[in-house]
Every structure is written in C-alpha cells, then in structure tokens.
Amino acid sequence: MITRVSPIPAPASAASGVETWFRPSAAVAFLAGALTSFTVAVGGEMPLGEVVLALTAGWVVLCLAVHQAAPGPLLSQRFFRVLMAAQTVALGGYVFSDLYRHSHPHDMARGWSRMIFLAIDVLAVAYLLGRSPRNFVAFVLGQCAGDLAFTALFGPLFGDLWKFGIGAPLTFLVFLLAPLAGPGWATAAAAGLGVLHLALGYRSLGGLCLVAAALGALQLTTRRSRPWLAPVGLLAVAGVIGWIYVHSQSDTGRRATRSDIERSAMMTAAVDAIERSPLIGQGSWFSNSDVYDHFLLIRQSLAREAHIGGFPEPGEDAETTALHSQILVALAEGGLLGGAFFLVYGAGLLRALLRAAFVDRWHRLTPVSTLVLLSALWNLCFSPFSGAHRVYIALACGLMLLLQADRLAPAAGEVIVDAAA
C-alpha cells in the first residue's frame, strides 16, 4: 500500500529559500554545466565548463591547505576516496603503458591530461554538490541551457535537430518538471518521451527513458514486491523498444545500421586489444599500436556484409576518432591498472541503480537522478571519455555520493512517496 510521509519542513522564510538557490556555489554549478557544451582547442577539445571546475578544484585545494580538513561532506566519504585512489592508479597505469609502448609524446600528453582532468572534475563536482544538494539541479539546468544555446548558435550536428540538438536537454527538463505533478505523471512523461525518442531515431535515449519509467513505476510499489515485478517491467520495456524499432526502420534503418556497424567495430577492436595485452595496455590513443587499423578493417568488413557504403576505406581517414566505450578504451589503452577508475565507477553505478530499484523511496528528484545514472551507465559502455563526457562522469560521481549520503531527497523539500515494506 502506498503511503505519504509528511512534507519535509520548508525554510523559515521565502528569503532564505531564495538565498539557498542563489548561493555562489549554485551559480558556479550552473555555469559549469552551461559551459560544458562549448569547447576550446587545447591539444584536444576541452569544454569551457572544465575551466570553471578547475578553478573550483583550486579553491578546494586552497581550503584544504588552510583548514587541514576536507571542505565539504562528500569529500570525506569513503567512496570518494576510493574513486580518487582508483584514478591515481589508473593514471599510473597509463604512464607505465605509454613508456612501455613508446607512445607518441603528443598522445601521451593527451592521455595523461585526460585522466588528470577527470580527477579534477570529480573533485570539483563533489565539492559543489556537497555544498548543497540543490546544486545538482543547478548543474543539470545549466547543461540543458548550454545544449540549447549551442544548438541555437551553431545548429545541430548532421542537421538532426532532435537527436543532436534539442532532444536531450528537453528530456532532462521534463524529467525535472514533470514530478511536480506527481509520480504518476512523471512516470507517464518518461514513458511518452521514450516512445517519442524511439520513433524519431534517438534509440539510446529512448530506451533509457523507458527503463527510467519502469524504475519509477517500480518505486511506487511495495519493496517486498519489487524483486518479482522488476523482471516483468524489463521484459515489457524490451518488448516496447523492439516493436517501435521494427516499425521505425523504414525511415531510420540505414542510419541506424551505420551506427551499429561503427559501434560494433569499435567494441570488437577494443576487446581484441585488451585480449592481446590485458596487463600493460596499448598506450594512449593507440599511437604505437595497430588498434585503429584493426578497427577500420572490421568496419569495412561489416559494412560490406550489410551492403552499407559511405565509410572511408582503411588508410583514407584523415584523423582517428575516439573509440566509443569508456571502460573498454581505458582497459585497452592502460591495461588493468589503467581501467581501475572505470571498474570502480561502473560498480558504483550498478549499485546505485539497484538501490534505486529495490530500496529507495520515490521523490521529486528520483526521475532525473535515475536518468543521469542510466545515461552514465550507457556512456560507460558506449561513449568516449574525452571532452564533455568527463564532466558527465563527474556529475554521475557526485550524484552517487549524494545518494550514498542520503542527502538528495531531504534537500528537495517535498512530499516523498513511500511504499510499505
């Protein structure tokens, strides 16, 4: 039976509530999120949001040096220390692999700086979210505003306004606002967006929205019944995704097949690189390895089998692209040590999602936090960790720290739906 817990007490006055939202840390979080969509060329593509986070991390180090104590509750958590220790090990793995493989100095610098900036981002976001859980909302709103502003200024990638323009930011905005109408409306909105994304060819986000809707519906049931209902929900989501995918193939089938070929070739090449050198790795950006050549050959073979043209032949690519799998690339480049952070990070994401499915109560930030975690898990398997993705990883880490500290729901200040055990 579903019950309602009494509302969490609101601030003493409206003025104090305004001060809570417009505190400096909230402004910094919003700015970091908004500027992540815009990049500058510094060896590679560096999001401007990382500049804000680097300055924030500098402030954290200064506070630590002056006060000899962690300047925020999340920085004192055991999981934060584990993440930072794993990232230190991962950087060491990259250094050893590059020196062993004699990687090109430019690629070594890019690989090492990528790992260093990831640690800086995690530190800064953990500090900001520790200042106030509301800063999580400010960060997400900033990312939405930045994505929309970038699309308005420069247009969508490949001319696809929905998938590479407004689809993702509008989805996160709906996940933030729909819960104001209640859990039922929030779940329905998530499911509706999932169907819409699948129909418009945005398969990854469509699937994530449907899974988020299933998890939201699961949280409205009793905790005792969730282990029985979860498999049914996942099967229903899989059925809906399959049905919509089949009926939308006529319009997006060719582009979807090209994407599948690209990702399959990347995954196969990365797994092969790991199997050939699981401990040492192939070095940053595979600069002194044949991994990219292997990827191009696999892609060419898969494209011919599927009768899909338009891919450059091996040797014709002007420049190489990042392989789309955070955990596989880290393991392939830096070996087992180089992938230490993403192994810990992935375990944390799975733990947070399992807790959301089987333990946590529903509250107004449940939908958006679930979507952030699901997106992070998808990106862990199928996206690079260069550029803006480093900031997304840091946001997911900060969110996991908030959830482990049980600080997200109380900060929302709303009625929480609970299910009897």
# chains A, B, ... in the order shown; residues from 1 in each chain; ligands from 1
$ residues_around --residues "Met46 of chain A" --least-positions-apart "3" --cutoff "12 Å" --atoms "only C-alpha atoms" --output "list in words"
Leu35, Thr36, Ser37, Phe38, Thr39, Val40, Ala41, Val42, Gly43, Gly49, Glu50, Val51, Val52, Leu53, Ala54, Arg110, Ser113, Arg114, Phe117, Leu118, Phe385, Ser386, Gly387, Ala388, His389, Arg390 and Val391 of chain A
$ write_last_selection --atoms "C-alpha atoms" --output "CSV table (one decimal), in the first residue's frame"
chain,number,residue,atom,x,y,z
A,35,LEU,CA,29.7,26.0,-20.5
A,36,THR,CA,30.3,22.3,-20.9
A,37,SER,CA,28.6,22.4,-24.3
A,38,PHE,CA,31.3,24.9,-25.6
A,39,THR,CA,34.9,23.8,-26.2
A,40,VAL,CA,38.3,25.2,-26.9
A,41,ALA,CA,41.1,23.5,-28.7
A,42,VAL,CA,43.9,22.8,-26.2
A,43,GLY,CA,45.7,19.8,-27.7
A,49,GLY,CA,32.9,24.0,-18.1
A,50,GLU,CA,36.2,22.2,-17.2
A,51,VAL,CA,37.8,25.6,-16.7
A,52,VAL,CA,35.2,26.5,-14.1
A,53,LEU,CA,35.7,23.1,-12.5
A,54,ALA,CA,39.5,23.5,-12.5
A,110,ARG,CA,46.6,13.9,-24.3
A,113,SER,CA,45.8,15.1,-19.2
A,114,ARG,CA,42.5,13.4,-19.9
A,117,PHE,CA,41.2,16.5,-15.7
A,118,LEU,CA,38.8,13.7,-14.9
A,385,PHE,CA,35.5,9.8,-22.0
A,386,SER,CA,37.0,12.8,-23.8
A,387,GLY,CA,35.7,16.3,-23.7
A,388,ALA,CA,32.3,16.9,-22.3
A,389,HIS,CA,31.9,13.3,-21.2
A,390,ARG,CA,34.5,13.8,-18.4
A,391,VAL,CA,32.1,16.4,-16.9
$ residues_around --residues "segment 393-405 of chain A" --least-positions-apart "2" --cutoff "10 Å" --atoms "only C-alpha atoms" --output "ChimeraX atom specification"
/A:33,73-75,77-80,83,118-130,132-133,136,139-140,326,342,345,348-349,351-353,355-356,360,369-370,372-377,379-380,385,388-391,407-409
$ write_last_selection --atoms "C-alpha atoms" --output "compact mmCIF listing (two decimals), in the first residue's frame"
# COMPACT_ATOMS: atom_id res chain seq x y z
CA GLY A 33 27.06 22.85 -16.62
CA PRO A 73 30.83 16.43 3.48
CA LEU A 74 31.04 14.49 0.22
CA LEU A 75 34.83 14.82 0.12
CA GLN A 77 33.09 9.90 2.10
CA ARG A 78 34.85 6.59 1.72
CA PHE A 79 33.55 6.13 -1.84
CA PHE A 80 35.08 9.49 -2.86
CA LEU A 83 37.32 6.91 -6.62
CA LEU A 118 38.81 13.66 -14.95
CA ALA A 119 40.12 13.61 -11.37
CA ILE A 120 39.87 17.41 -11.16
CA ASP A 121 36.28 17.32 -12.42
CA VAL A 122 35.25 14.67 -9.89
CA LEU A 123 36.84 16.65 -7.05
CA ALA A 124 35.17 19.91 -8.08
CA VAL A 125 31.69 18.44 -8.65
CA ALA A 126 31.82 16.53 -5.36
CA TYR A 127 32.63 19.80 -3.60
CA LEU A 128 29.83 21.73 -5.33
CA LEU A 129 27.18 19.10 -4.67
CA GLY A 130 28.40 18.78 -1.12
CA SER A 132 24.11 21.91 -1.31
CA PRO A 133 22.22 19.04 -2.96
CA PHE A 136 22.78 19.02 -8.59
CA PHE A 139 24.16 21.71 -12.73
CA VAL A 140 21.58 19.79 -14.76
CA GLN A 326 34.86 4.41 -21.70
CA PHE A 342 36.07 2.87 -14.61
CA TYR A 345 32.85 3.76 -11.29
CA GLY A 348 29.14 2.27 -8.19
CA LEU A 349 26.61 2.95 -10.94
CA ARG A 351 24.96 -0.37 -7.01
CA ALA A 352 23.16 2.99 -7.16
CA LEU A 353 20.67 1.72 -9.76
CA ARG A 355 19.38 0.61 -4.71
CA ALA A 356 17.03 2.88 -6.65
CA ASP A 360 14.83 3.88 -2.34
CA SER A 369 18.70 11.27 -10.88
CA THR A 370 17.72 7.88 -12.36
CA VAL A 372 21.60 10.63 -15.03
CA LEU A 373 22.67 7.25 -13.64
CA LEU A 374 21.27 5.32 -16.61
CA SER A 375 22.91 7.72 -19.07
CA ALA A 376 26.21 7.34 -17.23
CA LEU A 377 25.96 3.54 -17.43
CA ASN A 379 28.13 6.10 -21.70
CA LEU A 380 30.40 3.82 -19.70
CA PHE A 385 35.52 9.83 -22.04
CA ALA A 388 32.26 16.89 -22.25
CA HIS A 389 31.93 13.26 -21.22
CA ARG A 390 34.48 13.85 -18.45
CA VAL A 391 32.08 16.37 -16.92
CA ARG A 407 21.21 13.88 1.07
CA LEU A 408 19.33 14.16 -2.21
CA ALA A 409 15.71 13.59 -1.15
$ residues_around --residues "Leu205 of chain A" --least-positions-apart "6" --cutoff "9 Å" --atoms "only C-alpha atoms" --output "compact mmCIF listing (two decimals) with C-alpha atoms, in the first residue's frame"
# COMPACT_ATOMS: atom_id res chain seq x y z
CA LYS A 163 18.87 13.76 -31.77
CA GLY A 167 16.06 16.15 -27.71
CA ALA A 168 18.36 15.52 -24.76
CA THR A 171 14.16 15.37 -21.92
CA LEU A 193 9.38 10.55 -24.15
CA GLY A 194 10.86 7.08 -24.57
CA HIS A 197 12.70 9.21 -29.00
CA LEU A 198 12.50 5.73 -30.48
CA SER A 375 22.91 7.72 -19.07
$ closest_residue --among "A:Leu31, A:Val137, A:Arg223, A:Arg81" --to "Thr56 of chain A" --atoms "only C-alpha atoms"
A:Leu31
$ residues_around --residues "Val359 of chain A" --least-positions-apart "2" --cutoff "12 Å" --atoms "only C-alpha atoms" --output "number ranges by chain"
A: 215, 218-227, 351-357, 361-362, 403, 418-421
